[in-house]
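Accompanying notes for the structure given below.
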Amino acid sequence: MVLGLVHERGTVSRAQLTKELGLNRSTIAALVSELVQLGLVLETEPQQTNQVGRPSLVIEPNMRTVAISVNPELDAVTIGLVALGGTVIRRVRYDNVRVPTAREVVNVVSAVIAGMRGELDAEFRTLGIGLAVPGLVRGSDGLVDLAPHLGWRDEPLAAMLTESTGFAVFSANDAACGAIAESKFGAARDVDDVIYLNGGASGIGGGVISDGSLLTGANGYAGELGHTLVNTNGSMCHCGATGCLETEVSRRPLLDACGLTDLEAERLEEALVAAFARPEPPVELVAIVERQARFLSIALRNAINVFNPRRIVLGGFLGSLYRVAPTQLDEMIRGGAMRGARDGVDIMRASLGSNILMVGAAELAFASVLADPASVSRA
């Protein structure tokens with residue numbers, strides 16, 4: 001509990017830990033001392049204050065305890081180095097010349113880690129690799145059952161990475177990683193019931209936090225809100241169905257309407273905001289935004305009726321879509337969701353930006369140590 005609070009808050013005083021955990025000062029001192037010896041936290045004197053008496057010592061995560069994060073996508077493979085506390089120390093983006101195979105992703109990640117190996121061995125303790133995959137990931141062994149946009153089926157990506165790098169690998173769906181990250185460090189912090197929906201190059205993924213825990217389902221595939229039906233007359237989806245959310249709401253039409261390529265996707269929001277700031281926004285772009293907002297609202301009101309969340313967090317291009325059409329989306333959702341379920345629901349944009357999947361993937365690797373800090377010494 002002490003390590004979890006320090007990890008999520010970043011900096012906590014002994015006095016705060018004593019108050020929040022309901023333990024006496026000597027117990028907190030002993031627990032913190034053990035975490036310091038394990039190399040998981042640091043304890044320092046606080047900056048000078050006007051407080052009377054000796055100020056309480058400050059505890060913060062040890063930035064030398066890290067995880068490696070990996071996110072393979074259509075357009076790039078991103079590798080990050082993330083410290084306890086959710087701090088992204090480094091982020092490397094390797095642009096793809098074509099849709100990568102699982103083996104090519106392993107080769108890229110292994111090469112990047114090999115280049116960092118001297119620094120990792122000398123300066124950090126690496127707890128493992130967290131893998132955020134845009135597809136169905138089996139919870140028991142990390143097998144990528146299906147990543148339709150990447151063209152992957154039954155790929156043992158986690159096992160391949162472990163064999164190549166020597167690190168333990170922990171993997172999950174990318175949107176589930178985003179939900180974890182926003183729940184611990186972002187827009188959903190301190191909220192127990194959350195729906196997170198992310199839009200990226202590989203479509204739309206979802207993650208659901210219920211009563212403070214990520215819903216995984218029997219095999220780890222829960223939360224695929226991108227494949228809920230929103231248009232009975234819609235287009236064929238990669239999954240084999242028609243009218244899925246991610247076929248009706250996608251990044252590509254928005255990029256095309258703004259005159260941007262996939263490599264310029266990070267400029268999409270800037271372009272959308274500039275276009276809608278004009279006295280007369282481009283008619284084609286307005287039509288695309290309205291159409292996508294309508295279909296997104298159908299998926300969200302269904303999710304509200306099923307899961308009864310307190311907060312909906314939109315990431316990726318969905319956050320950009322919400323920024324230029326907030327009133328429209330709010331009104332359509334509240335007009336369609338049932339009373340009771342919709343009461344008190346708020347919609348927010350993801351707050352962690354481009355680091356969200358790096359932070360979320362790292363949480364997969366940190367999970368066992370956060371649950372059992374002494375496991376690092378046993379390892």
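In the structure tokens, chains take letters A, B, ... by order of appearance, with residues numbered from 1 within each chain and ligands from 1 in the order shown.
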Secondary structure check, helix (DSSP H, G or I) residues of stretch 262-329 of chain A, as a PyMOL selection string: chain A and resi 262-276+283-307+317-324+326-329
Spatial neighbours of stretch 220-236 of chain A, 6 Å, only C-alpha atoms, chain gap at least 4 places, as a PyMOL selection string: chain A and resi 136+138-139+204-208+216+241-246+295
Extract, using only C-alpha atoms, all DNA, RNA and protein residues at most 12 Å from A:Val345, discarding same-chain residues fewer than 3 positions from it, and format them as a PDB file with all heavy atoms, in the first residue's frame.
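Written out: result-v1.pdb:
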```pdb
ATOM      1  N   VAL A 191     -11.115   7.820  -9.894  1.00  0.00           N
ATOM      2  CA  VAL A 191     -12.467   7.473 -10.352  1.00  0.00           C
ATOM      3  C   VAL A 191     -12.511   5.956 -10.530  1.00  0.00           C
ATOM      4  O   VAL A 191     -11.685   5.387 -11.239  1.00  0.00           O
ATOM      5  CB  VAL A 191     -12.814   8.175 -11.682  1.00  0.00           C
ATOM      6  CG1 VAL A 191     -14.232   7.815 -12.118  1.00  0.00           C
ATOM      7  CG2 VAL A 191     -12.661   9.686 -11.556  1.00  0.00           C
ATOM      8  N   ASP A 193     -15.055   3.952 -11.776  1.00  0.00           N
ATOM      9  CA  ASP A 193     -15.819   3.383 -12.884  1.00  0.00           C
ATOM     10  C   ASP A 193     -15.624   4.235 -14.127  1.00  0.00           C
ATOM     11  O   ASP A 193     -16.149   5.354 -14.223  1.00  0.00           O
ATOM     12  CB  ASP A 193     -17.298   3.297 -12.514  1.00  0.00           C
ATOM     13  CG  ASP A 193     -17.523   2.335 -11.359  1.00  0.00           C
ATOM     14  OD1 ASP A 193     -17.588   1.117 -11.609  1.00  0.00           O
ATOM     15  OD2 ASP A 193     -17.613   2.802 -10.199  1.00  0.00           O
ATOM     16  N   VAL A 194     -14.850   3.696 -15.065  1.00  0.00           N
ATOM     17  CA  VAL A 194     -14.380   4.481 -16.204  1.00  0.00           C
ATOM     18  C   VAL A 194     -14.480   3.673 -17.496  1.00  0.00           C
ATOM     19  O   VAL A 194     -14.210   2.466 -17.500  1.00  0.00           O
ATOM     20  CB  VAL A 194     -12.894   4.901 -16.010  1.00  0.00           C
ATOM     21  CG1 VAL A 194     -12.401   5.729 -17.194  1.00  0.00           C
ATOM     22  CG2 VAL A 194     -12.712   5.648 -14.701  1.00  0.00           C
ATOM     23  N   ILE A 195     -14.862   4.340 -18.560  1.00  0.00           N
ATOM     24  CA  ILE A 195     -14.734   3.774 -19.909  1.00  0.00           C
ATOM     25  C   ILE A 195     -13.676   4.593 -20.636  1.00  0.00           C
ATOM     26  O   ILE A 195     -13.793   5.822 -20.721  1.00  0.00           O
ATOM     27  CB  ILE A 195     -16.053   3.829 -20.686  1.00  0.00           C
ATOM     28  CG1 ILE A 195     -17.091   2.899 -20.051  1.00  0.00           C
ATOM     29  CG2 ILE A 195     -15.835   3.422 -22.147  1.00  0.00           C
ATOM     30  CD1 ILE A 195     -18.464   3.021 -20.678  1.00  0.00           C
ATOM     31  N   LEU A 300     -21.066   5.069 -27.384  1.00  0.00           N
ATOM     32  CA  LEU A 300     -20.884   5.509 -26.004  1.00  0.00           C
ATOM     33  C   LEU A 300     -22.168   5.400 -25.191  1.00  0.00           C
ATOM     34  O   LEU A 300     -22.137   5.029 -24.016  1.00  0.00           O
ATOM     35  CB  LEU A 300     -20.357   6.947 -25.981  1.00  0.00           C
ATOM     36  CG  LEU A 300     -18.913   7.115 -26.451  1.00  0.00           C
ATOM     37  CD1 LEU A 300     -18.506   8.578 -26.432  1.00  0.00           C
ATOM     38  CD2 LEU A 300     -17.953   6.297 -25.599  1.00  0.00           C
ATOM     39  N   ARG A 301     -23.309   5.708 -25.803  1.00  0.00           N
ATOM     40  CA  ARG A 301     -24.549   5.593 -25.021  1.00  0.00           C
ATOM     41  C   ARG A 301     -24.866   4.125 -24.726  1.00  0.00           C
ATOM     42  O   ARG A 301     -25.395   3.802 -23.653  1.00  0.00           O
ATOM     43  CB  ARG A 301     -25.705   6.288 -25.728  1.00  0.00           C
ATOM     44  CG  ARG A 301     -26.279   5.595 -26.925  1.00  0.00           C
ATOM     45  CD  ARG A 301     -27.190   6.532 -27.696  1.00  0.00           C
ATOM     46  NE  ARG A 301     -27.924   5.839 -28.742  1.00  0.00           N
ATOM     47  CZ  ARG A 301     -28.495   6.470 -29.766  1.00  0.00           C
ATOM     48  NH1 ARG A 301     -28.382   7.785 -29.880  1.00  0.00           N
ATOM     49  NH2 ARG A 301     -29.174   5.785 -30.666  1.00  0.00           N
ATOM     50  N   ALA A 303     -22.522   1.845 -24.247  1.00  0.00           N
ATOM     51  CA  ALA A 303     -21.566   1.511 -23.191  1.00  0.00           C
ATOM     52  C   ALA A 303     -22.021   2.068 -21.839  1.00  0.00           C
ATOM     53  O   ALA A 303     -21.854   1.418 -20.802  1.00  0.00           O
ATOM     54  CB  ALA A 303     -20.185   2.043 -23.551  1.00  0.00           C
ATOM     55  N   ILE A 304     -22.610   3.261 -21.844  1.00  0.00           N
ATOM     56  CA  ILE A 304     -23.129   3.851 -20.607  1.00  0.00           C
ATOM     57  C   ILE A 304     -24.247   2.986 -20.037  1.00  0.00           C
ATOM     58  O   ILE A 304     -24.296   2.705 -18.835  1.00  0.00           O
ATOM     59  CB  ILE A 304     -23.633   5.290 -20.866  1.00  0.00           C
ATOM     60  CG1 ILE A 304     -22.446   6.230 -21.114  1.00  0.00           C
ATOM     61  CG2 ILE A 304     -24.465   5.787 -19.689  1.00  0.00           C
ATOM     62  CD1 ILE A 304     -22.846   7.608 -21.584  1.00  0.00           C
ATOM     63  N   ASN A 305     -25.151   2.533 -20.914  1.00  0.00           N
ATOM     64  CA  ASN A 305     -26.257   1.690 -20.450  1.00  0.00           C
ATOM     65  C   ASN A 305     -25.774   0.356 -19.898  1.00  0.00           C
ATOM     66  O   ASN A 305     -26.356  -0.198 -18.968  1.00  0.00           O
ATOM     67  CB  ASN A 305     -27.238   1.437 -21.600  1.00  0.00           C
ATOM     68  CG  ASN A 305     -28.006   2.695 -21.998  1.00  0.00           C
ATOM     69  OD1 ASN A 305     -28.124   3.632 -21.217  1.00  0.00           O
ATOM     70  ND2 ASN A 305     -28.523   2.711 -23.210  1.00  0.00           N
ATOM     71  N   PHE A 307     -22.431  -0.396 -18.727  1.00  0.00           N
ATOM     72  CA  PHE A 307     -21.417  -0.355 -17.670  1.00  0.00           C
ATOM     73  C   PHE A 307     -21.659   0.696 -16.586  1.00  0.00           C
ATOM     74  O   PHE A 307     -20.993   0.653 -15.550  1.00  0.00           O
ATOM     75  CB  PHE A 307     -20.028  -0.117 -18.286  1.00  0.00           C
ATOM     76  CG  PHE A 307     -19.583  -1.219 -19.192  1.00  0.00           C
ATOM     77  CD1 PHE A 307     -19.476  -1.022 -20.562  1.00  0.00           C
ATOM     78  CD2 PHE A 307     -19.274  -2.468 -18.687  1.00  0.00           C
ATOM     79  CE1 PHE A 307     -19.060  -2.036 -21.415  1.00  0.00           C
ATOM     80  CE2 PHE A 307     -18.870  -3.495 -19.517  1.00  0.00           C
ATOM     81  CZ  PHE A 307     -18.764  -3.281 -20.892  1.00  0.00           C
ATOM     82  N   ASN A 308     -22.563   1.664 -16.825  1.00  0.00           N
ATOM     83  CA  ASN A 308     -22.860   2.690 -15.825  1.00  0.00           C
ATOM     84  C   ASN A 308     -21.596   3.356 -15.277  1.00  0.00           C
ATOM     85  O   ASN A 308     -21.324   3.326 -14.070  1.00  0.00           O
ATOM     86  CB  ASN A 308     -23.663   2.057 -14.692  1.00  0.00           C
ATOM     87  CG  ASN A 308     -24.157   3.068 -13.664  1.00  0.00           C
ATOM     88  OD1 ASN A 308     -24.401   2.723 -12.523  1.00  0.00           O
ATOM     89  ND2 ASN A 308     -24.295   4.323 -14.035  1.00  0.00           N
ATOM     90  N   PRO A 309     -20.776   3.962 -16.153  1.00  0.00           N
ATOM     91  CA  PRO A 309     -19.525   4.580 -15.695  1.00  0.00           C
ATOM     92  C   PRO A 309     -19.767   5.935 -15.047  1.00  0.00           C
ATOM     93  O   PRO A 309     -20.821   6.552 -15.220  1.00  0.00           O
ATOM     94  CB  PRO A 309     -18.749   4.754 -17.002  1.00  0.00           C
ATOM     95  CG  PRO A 309     -19.837   5.035 -18.014  1.00  0.00           C
ATOM     96  CD  PRO A 309     -20.984   4.143 -17.606  1.00  0.00           C
ATOM     97  N   ARG A 310     -18.774   6.386 -14.301  1.00  0.00           N
ATOM     98  CA  ARG A 310     -18.786   7.755 -13.781  1.00  0.00           C
ATOM     99  C   ARG A 310     -18.104   8.705 -14.766  1.00  0.00           C
ATOM    100  O   ARG A 310     -18.424   9.879 -14.840  1.00  0.00           O
ATOM    101  CB  ARG A 310     -18.064   7.795 -12.425  1.00  0.00           C
ATOM    102  CG  ARG A 310     -17.992   9.177 -11.776  1.00  0.00           C
ATOM    103  CD  ARG A 310     -19.374   9.741 -11.494  1.00  0.00           C
ATOM    104  NE  ARG A 310     -20.175   8.834 -10.687  1.00  0.00           N
ATOM    105  CZ  ARG A 310     -21.495   8.774 -10.710  1.00  0.00           C
ATOM    106  NH1 ARG A 310     -22.163   9.553 -11.536  1.00  0.00           N
ATOM    107  NH2 ARG A 310     -22.158   7.925  -9.947  1.00  0.00           N
ATOM    108  N   ARG A 311     -17.138   8.163 -15.536  1.00  0.00           N
ATOM    109  CA  ARG A 311     -16.391   9.024 -16.458  1.00  0.00           C
ATOM    110  C   ARG A 311     -16.068   8.273 -17.747  1.00  0.00           C
ATOM    111  O   ARG A 311     -15.794   7.065 -17.726  1.00  0.00           O
ATOM    112  CB  ARG A 311     -15.093   9.512 -15.811  1.00  0.00           C
ATOM    113  CG  ARG A 311     -14.222  10.407 -16.704  1.00  0.00           C
ATOM    114  CD  ARG A 311     -13.220  11.172 -15.863  1.00  0.00           C
ATOM    115  NE  ARG A 311     -13.907  12.064 -14.942  1.00  0.00           N
ATOM    116  CZ  ARG A 311     -13.346  12.623 -13.871  1.00  0.00           C
ATOM    117  NH1 ARG A 311     -12.087  12.350 -13.570  1.00  0.00           N
ATOM    118  NH2 ARG A 311     -14.045  13.425 -13.078  1.00  0.00           N
ATOM    119  N   ILE A 312     -16.113   9.002 -18.850  1.00  0.00           N
ATOM    120  CA  ILE A 312     -15.668   8.500 -20.149  1.00  0.00           C
ATOM    121  C   ILE A 312     -14.446   9.312 -20.547  1.00  0.00           C
ATOM    122  O   ILE A 312     -14.478  10.547 -20.514  1.00  0.00           O
ATOM    123  CB  ILE A 312     -16.766   8.645 -21.218  1.00  0.00           C
ATOM    124  CG1 ILE A 312     -17.966   7.757 -20.877  1.00  0.00           C
ATOM    125  CG2 ILE A 312     -16.224   8.293 -22.599  1.00  0.00           C
ATOM    126  CD1 ILE A 312     -19.174   8.011 -21.763  1.00  0.00           C
ATOM    127  N   VAL A 313     -13.369   8.617 -20.892  1.00  0.00           N
ATOM    128  CA  VAL A 313     -12.129   9.283 -21.299  1.00  0.00           C
ATOM    129  C   VAL A 313     -11.845   8.935 -22.756  1.00  0.00           C
ATOM    130  O   VAL A 313     -11.816   7.758 -23.121  1.00  0.00           O
ATOM    131  CB  VAL A 313     -10.942   8.860 -20.409  1.00  0.00           C
ATOM    132  CG1 VAL A 313      -9.665   9.553 -20.856  1.00  0.00           C
ATOM    133  CG2 VAL A 313     -11.237   9.198 -18.941  1.00  0.00           C
ATOM    134  N   ASP A 330     -21.922  15.518 -26.494  1.00  0.00           N
ATOM    135  CA  ASP A 330     -22.575  15.461 -25.183  1.00  0.00           C
ATOM    136  C   ASP A 330     -24.089  15.334 -25.318  1.00  0.00           C
ATOM    137  O   ASP A 330     -24.727  14.511 -24.657  1.00  0.00           O
ATOM    138  CB  ASP A 330     -22.241  16.709 -24.365  1.00  0.00           C
ATOM    139  CG  ASP A 330     -20.842  16.682 -23.784  1.00  0.00           C
ATOM    140  OD1 ASP A 330     -20.283  15.578 -23.660  1.00  0.00           O
ATOM    141  OD2 ASP A 330     -20.304  17.764 -23.470  1.00  0.00           O
ATOM    142  N   ILE A 333     -25.241  11.889 -26.692  1.00  0.00           N
ATOM    143  CA  ILE A 333     -25.097  10.812 -25.708  1.00  0.00           C
ATOM    144  C   ILE A 333     -26.185  10.906 -24.647  1.00  0.00           C
ATOM    145  O   ILE A 333     -26.859   9.920 -24.323  1.00  0.00           O
ATOM    146  CB  ILE A 333     -23.700  10.868 -25.063  1.00  0.00           C
ATOM    147  CG1 ILE A 333     -22.626  10.482 -26.088  1.00  0.00           C
ATOM    148  CG2 ILE A 333     -23.641   9.934 -23.853  1.00  0.00           C
ATOM    149  CD1 ILE A 333     -21.218  10.716 -25.605  1.00  0.00           C
ATOM    150  N   ARG A 334     -26.385  12.096 -24.125  1.00  0.00           N
ATOM    151  CA  ARG A 334     -27.364  12.257 -23.051  1.00  0.00           C
ATOM    152  C   ARG A 334     -28.785  12.076 -23.569  1.00  0.00           C
ATOM    153  O   ARG A 334     -29.691  11.696 -22.822  1.00  0.00           O
ATOM    154  CB  ARG A 334     -27.192  13.622 -22.394  1.00  0.00           C
ATOM    155  CG  ARG A 334     -25.817  13.762 -21.750  1.00  0.00           C
ATOM    156  CD  ARG A 334     -25.637  15.010 -20.936  1.00  0.00           C
ATOM    157  NE  ARG A 334     -24.236  15.220 -20.604  1.00  0.00           N
ATOM    158  CZ  ARG A 334     -23.559  14.504 -19.733  1.00  0.00           C
ATOM    159  NH1 ARG A 334     -24.148  13.514 -19.106  1.00  0.00           N
ATOM    160  NH2 ARG A 334     -22.292  14.754 -19.485  1.00  0.00           N
ATOM    161  N   ALA A 337     -28.790   7.786 -23.964  1.00  0.00           N
ATOM    162  CA  ALA A 337     -28.573   6.875 -22.837  1.00  0.00           C
ATOM    163  C   ALA A 337     -29.741   6.947 -21.859  1.00  0.00           C
ATOM    164  O   ALA A 337     -30.443   7.950 -21.759  1.00  0.00           O
ATOM    165  CB  ALA A 337     -27.271   7.233 -22.123  1.00  0.00           C
ATOM    166  N   MET A 338     -29.945   5.866 -21.122  1.00  0.00           N
ATOM    167  CA  MET A 338     -31.049   5.792 -20.169  1.00  0.00           C
ATOM    168  C   MET A 338     -30.812   6.697 -18.967  1.00  0.00           C
ATOM    169  O   MET A 338     -29.681   6.889 -18.533  1.00  0.00           O
ATOM    170  CB  MET A 338     -31.217   4.340 -19.683  1.00  0.00           C
ATOM    171  CG  MET A 338     -31.667   3.369 -20.740  1.00  0.00           C
ATOM    172  SD  MET A 338     -31.724   1.669 -20.079  1.00  0.00           S
ATOM    173  CE  MET A 338     -32.942   1.867 -18.762  1.00  0.00           C
ATOM    174  N   ARG A 339     -31.908   7.237 -18.459  1.00  0.00           N
ATOM    175  CA  ARG A 339     -31.820   7.986 -17.210  1.00  0.00           C
ATOM    176  C   ARG A 339     -31.297   7.059 -16.128  1.00  0.00           C
ATOM    177  O   ARG A 339     -31.518   5.859 -16.138  1.00  0.00           O
ATOM    178  CB  ARG A 339     -33.201   8.497 -16.805  1.00  0.00           C
ATOM    179  CG  ARG A 339     -33.707   9.654 -17.640  1.00  0.00           C
ATOM    180  CD  ARG A 339     -34.996  10.182 -17.061  1.00  0.00           C
ATOM    181  NE  ARG A 339     -34.805  10.687 -15.695  1.00  0.00           N
ATOM    182  CZ  ARG A 339     -35.809  11.162 -14.937  1.00  0.00           C
ATOM    183  NH1 ARG A 339     -37.042  11.160 -15.399  1.00  0.00           N
ATOM    184  NH2 ARG A 339     -35.565  11.592 -13.719  1.00  0.00           N
ATOM    185  N   GLY A 340     -30.603   7.613 -15.191  1.00  0.00           N
ATOM    186  CA  GLY A 340     -29.985   6.800 -14.148  1.00  0.00           C
ATOM    187  C   GLY A 340     -28.572   6.452 -14.545  1.00  0.00           C
ATOM    188  O   GLY A 340     -27.618   6.890 -13.899  1.00  0.00           O
ATOM    189  N   ALA A 341     -28.428   5.686 -15.629  1.00  0.00           N
ATOM    190  CA  ALA A 341     -27.085   5.331 -16.099  1.00  0.00           C
ATOM    191  C   ALA A 341     -26.337   6.565 -16.575  1.00  0.00           C
ATOM    192  O   ALA A 341     -25.127   6.682 -16.368  1.00  0.00           O
ATOM    193  CB  ALA A 341     -27.177   4.301 -17.217  1.00  0.00           C
ATOM    194  N   ARG A 342     -27.067   7.497 -17.218  1.00  0.00           N
ATOM    195  CA  ARG A 342     -26.390   8.675 -17.773  1.00  0.00           C
ATOM    196  C   ARG A 342     -26.173   9.774 -16.738  1.00  0.00           C
ATOM    197  O   ARG A 342     -25.388  10.698 -16.955  1.00  0.00           O
ATOM    198  CB  ARG A 342     -27.194   9.234 -18.944  1.00  0.00           C
ATOM    199  CG  ARG A 342     -28.440   9.993 -18.538  1.00  0.00           C
ATOM    200  CD  ARG A 342     -29.285  10.398 -19.717  1.00  0.00           C
ATOM    201  NE  ARG A 342     -30.423  11.192 -19.299  1.00  0.00           N
ATOM    202  CZ  ARG A 342     -31.607  11.170 -19.901  1.00  0.00           C
ATOM    203  NH1 ARG A 342     -31.796  10.374 -20.943  1.00  0.00           N
ATOM    204  NH2 ARG A 342     -32.594  11.930 -19.491  1.00  0.00           N
ATOM    205  N   MET A 348     -14.267  13.346 -20.671  1.00  0.00           N
ATOM    206  CA  MET A 348     -13.012  14.091 -20.644  1.00  0.00           C
ATOM    207  C   MET A 348     -12.072  13.533 -21.694  1.00  0.00           C
ATOM    208  O   MET A 348     -12.207  12.389 -22.120  1.00  0.00           O
ATOM    209  CB  MET A 348     -12.349  13.998 -19.264  1.00  0.00           C
ATOM    210  CG  MET A 348     -13.138  14.618 -18.146  1.00  0.00           C
ATOM    211  SD  MET A 348     -12.247  14.562 -16.559  1.00  0.00           S
ATOM    212  CE  MET A 348     -10.878  15.656 -16.900  1.00  0.00           C
TER     213      MET A 348
END
```
Spatial neighbours of A:Ala76, 12 Å, only C-alpha atoms, chain gap at least 6 places, as a PyMOL selection string: chain A and resi 70+92-101+104-105+108-109+150+200-202+262-263+265
With N, CA and C atoms kept, could you save the residues just selected as a PDB file, in the first residue's frame?
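Result written to out.pdb:
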```
ATOM      1  N   VAL A  70       6.614  -1.145 -25.035  1.00  0.00           N
ATOM      2  CA  VAL A  70       6.624  -1.359 -26.481  1.00  0.00           C
ATOM      3  C   VAL A  70       5.198  -1.261 -27.013  1.00  0.00           C
ATOM      4  N   VAL A  92      11.413   6.247 -28.016  1.00  0.00           N
ATOM      5  CA  VAL A  92      12.008   6.114 -29.349  1.00  0.00           C
ATOM      6  C   VAL A  92      10.928   5.635 -30.316  1.00  0.00           C
ATOM      7  N   ARG A  93      10.759   6.341 -31.412  1.00  0.00           N
ATOM      8  CA  ARG A  93       9.779   5.959 -32.435  1.00  0.00           C
ATOM      9  C   ARG A  93      10.535   5.479 -33.673  1.00  0.00           C
ATOM     10  N   TYR A  94      10.235   4.252 -34.091  1.00  0.00           N
ATOM     11  CA  TYR A  94      10.852   3.676 -35.281  1.00  0.00           C
ATOM     12  C   TYR A  94       9.772   3.575 -36.359  1.00  0.00           C
ATOM     13  N   ASP A  95       9.833   4.457 -37.355  1.00  0.00           N
ATOM     14  CA  ASP A  95       8.822   4.492 -38.414  1.00  0.00           C
ATOM     15  C   ASP A  95       8.923   3.257 -39.309  1.00  0.00           C
ATOM     16  N   ASN A  96       7.767   2.663 -39.610  1.00  0.00           N
ATOM     17  CA  ASN A  96       7.724   1.488 -40.472  1.00  0.00           C
ATOM     18  C   ASN A  96       7.638   1.878 -41.942  1.00  0.00           C
ATOM     19  N   VAL A  97       8.316   1.141 -42.789  1.00  0.00           N
ATOM     20  CA  VAL A  97       8.193   1.376 -44.234  1.00  0.00           C
ATOM     21  C   VAL A  97       7.022   0.567 -44.786  1.00  0.00           C
ATOM     22  N   ARG A  98       6.543  -0.414 -44.008  1.00  0.00           N
ATOM     23  CA  ARG A  98       5.371  -1.206 -44.377  1.00  0.00           C
ATOM     24  C   ARG A  98       4.787  -1.769 -43.087  1.00  0.00           C
ATOM     25  N   VAL A  99       3.629  -2.390 -43.184  1.00  0.00           N
ATOM     26  CA  VAL A  99       3.035  -3.006 -41.992  1.00  0.00           C
ATOM     27  C   VAL A  99       3.977  -4.092 -41.489  1.00  0.00           C
ATOM     28  N   PRO A 100       4.424  -4.014 -40.239  1.00  0.00           N
ATOM     29  CA  PRO A 100       5.453  -4.946 -39.754  1.00  0.00           C
ATOM     30  C   PRO A 100       4.882  -6.314 -39.389  1.00  0.00           C
ATOM     31  N   THR A 101       5.677  -7.339 -39.590  1.00  0.00           N
ATOM     32  CA  THR A 101       5.354  -8.658 -39.067  1.00  0.00           C
ATOM     33  C   THR A 101       5.739  -8.697 -37.598  1.00  0.00           C
ATOM     34  N   GLU A 104       9.466  -8.857 -37.312  1.00  0.00           N
ATOM     35  CA  GLU A 104      10.123  -7.573 -37.557  1.00  0.00           C
ATOM     36  C   GLU A 104      10.024  -6.669 -36.336  1.00  0.00           C
ATOM     37  N   VAL A 105       8.897  -6.716 -35.644  1.00  0.00           N
ATOM     38  CA  VAL A 105       8.760  -5.937 -34.409  1.00  0.00           C
ATOM     39  C   VAL A 105       9.766  -6.422 -33.373  1.00  0.00           C
ATOM     40  N   VAL A 108      13.207  -5.096 -34.279  1.00  0.00           N
ATOM     41  CA  VAL A 108      13.355  -3.668 -33.993  1.00  0.00           C
ATOM     42  C   VAL A 108      13.553  -3.441 -32.501  1.00  0.00           C
ATOM     43  N   VAL A 109      12.688  -4.031 -31.693  1.00  0.00           N
ATOM     44  CA  VAL A 109      12.763  -3.837 -30.242  1.00  0.00           C
ATOM     45  C   VAL A 109      14.082  -4.378 -29.697  1.00  0.00           C
ATOM     46  N   LEU A 150      -2.813  -5.242 -38.304  1.00  0.00           N
ATOM     47  CA  LEU A 150      -1.422  -5.660 -38.539  1.00  0.00           C
ATOM     48  C   LEU A 150      -1.346  -6.956 -39.329  1.00  0.00           C
ATOM     49  N   GLY A 200      -6.697   5.291 -32.938  1.00  0.00           N
ATOM     50  CA  GLY A 200      -5.351   5.378 -33.487  1.00  0.00           C
ATOM     51  C   GLY A 200      -5.273   4.834 -34.891  1.00  0.00           C
ATOM     52  N   ALA A 201      -4.049   4.570 -35.335  1.00  0.00           N
ATOM     53  CA  ALA A 201      -3.836   4.086 -36.692  1.00  0.00           C
ATOM     54  C   ALA A 201      -4.496   2.737 -36.928  1.00  0.00           C
ATOM     55  N   SER A 202      -4.603   1.911 -35.880  1.00  0.00           N
ATOM     56  CA  SER A 202      -5.188   0.579 -36.020  1.00  0.00           C
ATOM     57  C   SER A 202      -6.651   0.526 -35.627  1.00  0.00           C
ATOM     58  N   ASP A 262      -0.265  10.002 -42.887  1.00  0.00           N
ATOM     59  CA  ASP A 262      -0.149   9.262 -41.628  1.00  0.00           C
ATOM     60  C   ASP A 262       1.039   9.745 -40.805  1.00  0.00           C
ATOM     61  N   LEU A 263       2.121  10.120 -41.478  1.00  0.00           N
ATOM     62  CA  LEU A 263       3.308  10.594 -40.766  1.00  0.00           C
ATOM     63  C   LEU A 263       3.078  11.947 -40.102  1.00  0.00           C
ATOM     64  N   ALA A 265       0.180  12.637 -38.528  1.00  0.00           N
ATOM     65  CA  ALA A 265      -1.007  12.427 -37.697  1.00  0.00           C
ATOM     66  C   ALA A 265      -0.978  13.232 -36.403  1.00  0.00           C
TER      67      ALA A 265
END
```
Between atom CA of A:Asp192 and atom CA of A:Leu321, distance in Å (one decimal): 25.1 Å
Nearby residues (only C-alpha atoms) at most 7 Å from A:Gly186, same-chain spacing under 5 positions excluded, as a tab-separated table (two decimals) with N, CA and C atoms, in the first residue's frame:
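The new file out-v1.tsv reads:
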```tsv
chain	number	residue	atom	x	y	z
A	181	ALA	N	-3.38	3.53	-17.53
A	181	ALA	CA	-2.56	4.73	-17.38
A	181	ALA	C	-3.40	5.93	-16.97
A	350	ALA	N	-8.30	12.29	-22.75
A	350	ALA	CA	-7.12	11.72	-22.10
A	350	ALA	C	-6.09	12.82	-21.87
A	351	SER	N	-5.39	12.74	-20.74
A	351	SER	CA	-4.48	13.83	-20.37
A	351	SER	C	-3.00	13.49	-20.51
A	352	LEU	N	-2.68	12.23	-20.82
A	352	LEU	CA	-1.27	11.83	-20.85
A	352	LEU	C	-0.63	11.97	-22.22
```
Between atom CA of A:Ser171 and atom CA of A:Pro156 - distance in Å to one decimal: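 Taking atom CA of A:Pro156 and atom CA of A:Ser171, their separation equals 10.6 Å.
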Nearest to A:Glu60 by atom-to-atom distance, counting only C-alpha atoms, from A:Gly4, A:Leu21, A:Leu143, A:Val88: A:Gly4
Closest of A:Ser210, A:Ser320, A:Thr27, A:Ser56 to A:Ala271 - atom-to-atom distances counting only C-alpha atoms: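 Counting only C-alpha atoms, the residue closest to A:Ala271 is A:Ser320.
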A:Ala257, A:Leu197, A:Val6, A:Leu127 ranked by distance to A:Ser297, top pick (using only C-alpha atoms):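 So, comparing all the options, the nearest one is A:Leu197.
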Test item: residues at most 10 Å from A:Leu285, only C-alpha atoms, excluding those fewer than 6 positions along its chain, as a list in words: Pro253, Leu254, Leu255, Asp256, Ala257, Cys258, Leu272, Ala275, Phe276 and Arg291 of chain A
Counting only C-alpha atoms, the option among A:Gly178, A:Gly130, A:Gly166, A:Pro373 closest to A:Tyr196: A:Gly178
Neighbour list for A:Gly85 as an MDAnalysis selection string, cut-off 6 Å, only C-alpha atoms, skip fewer than 3 positions in-chain: chainID A and resid 7:8 10 61
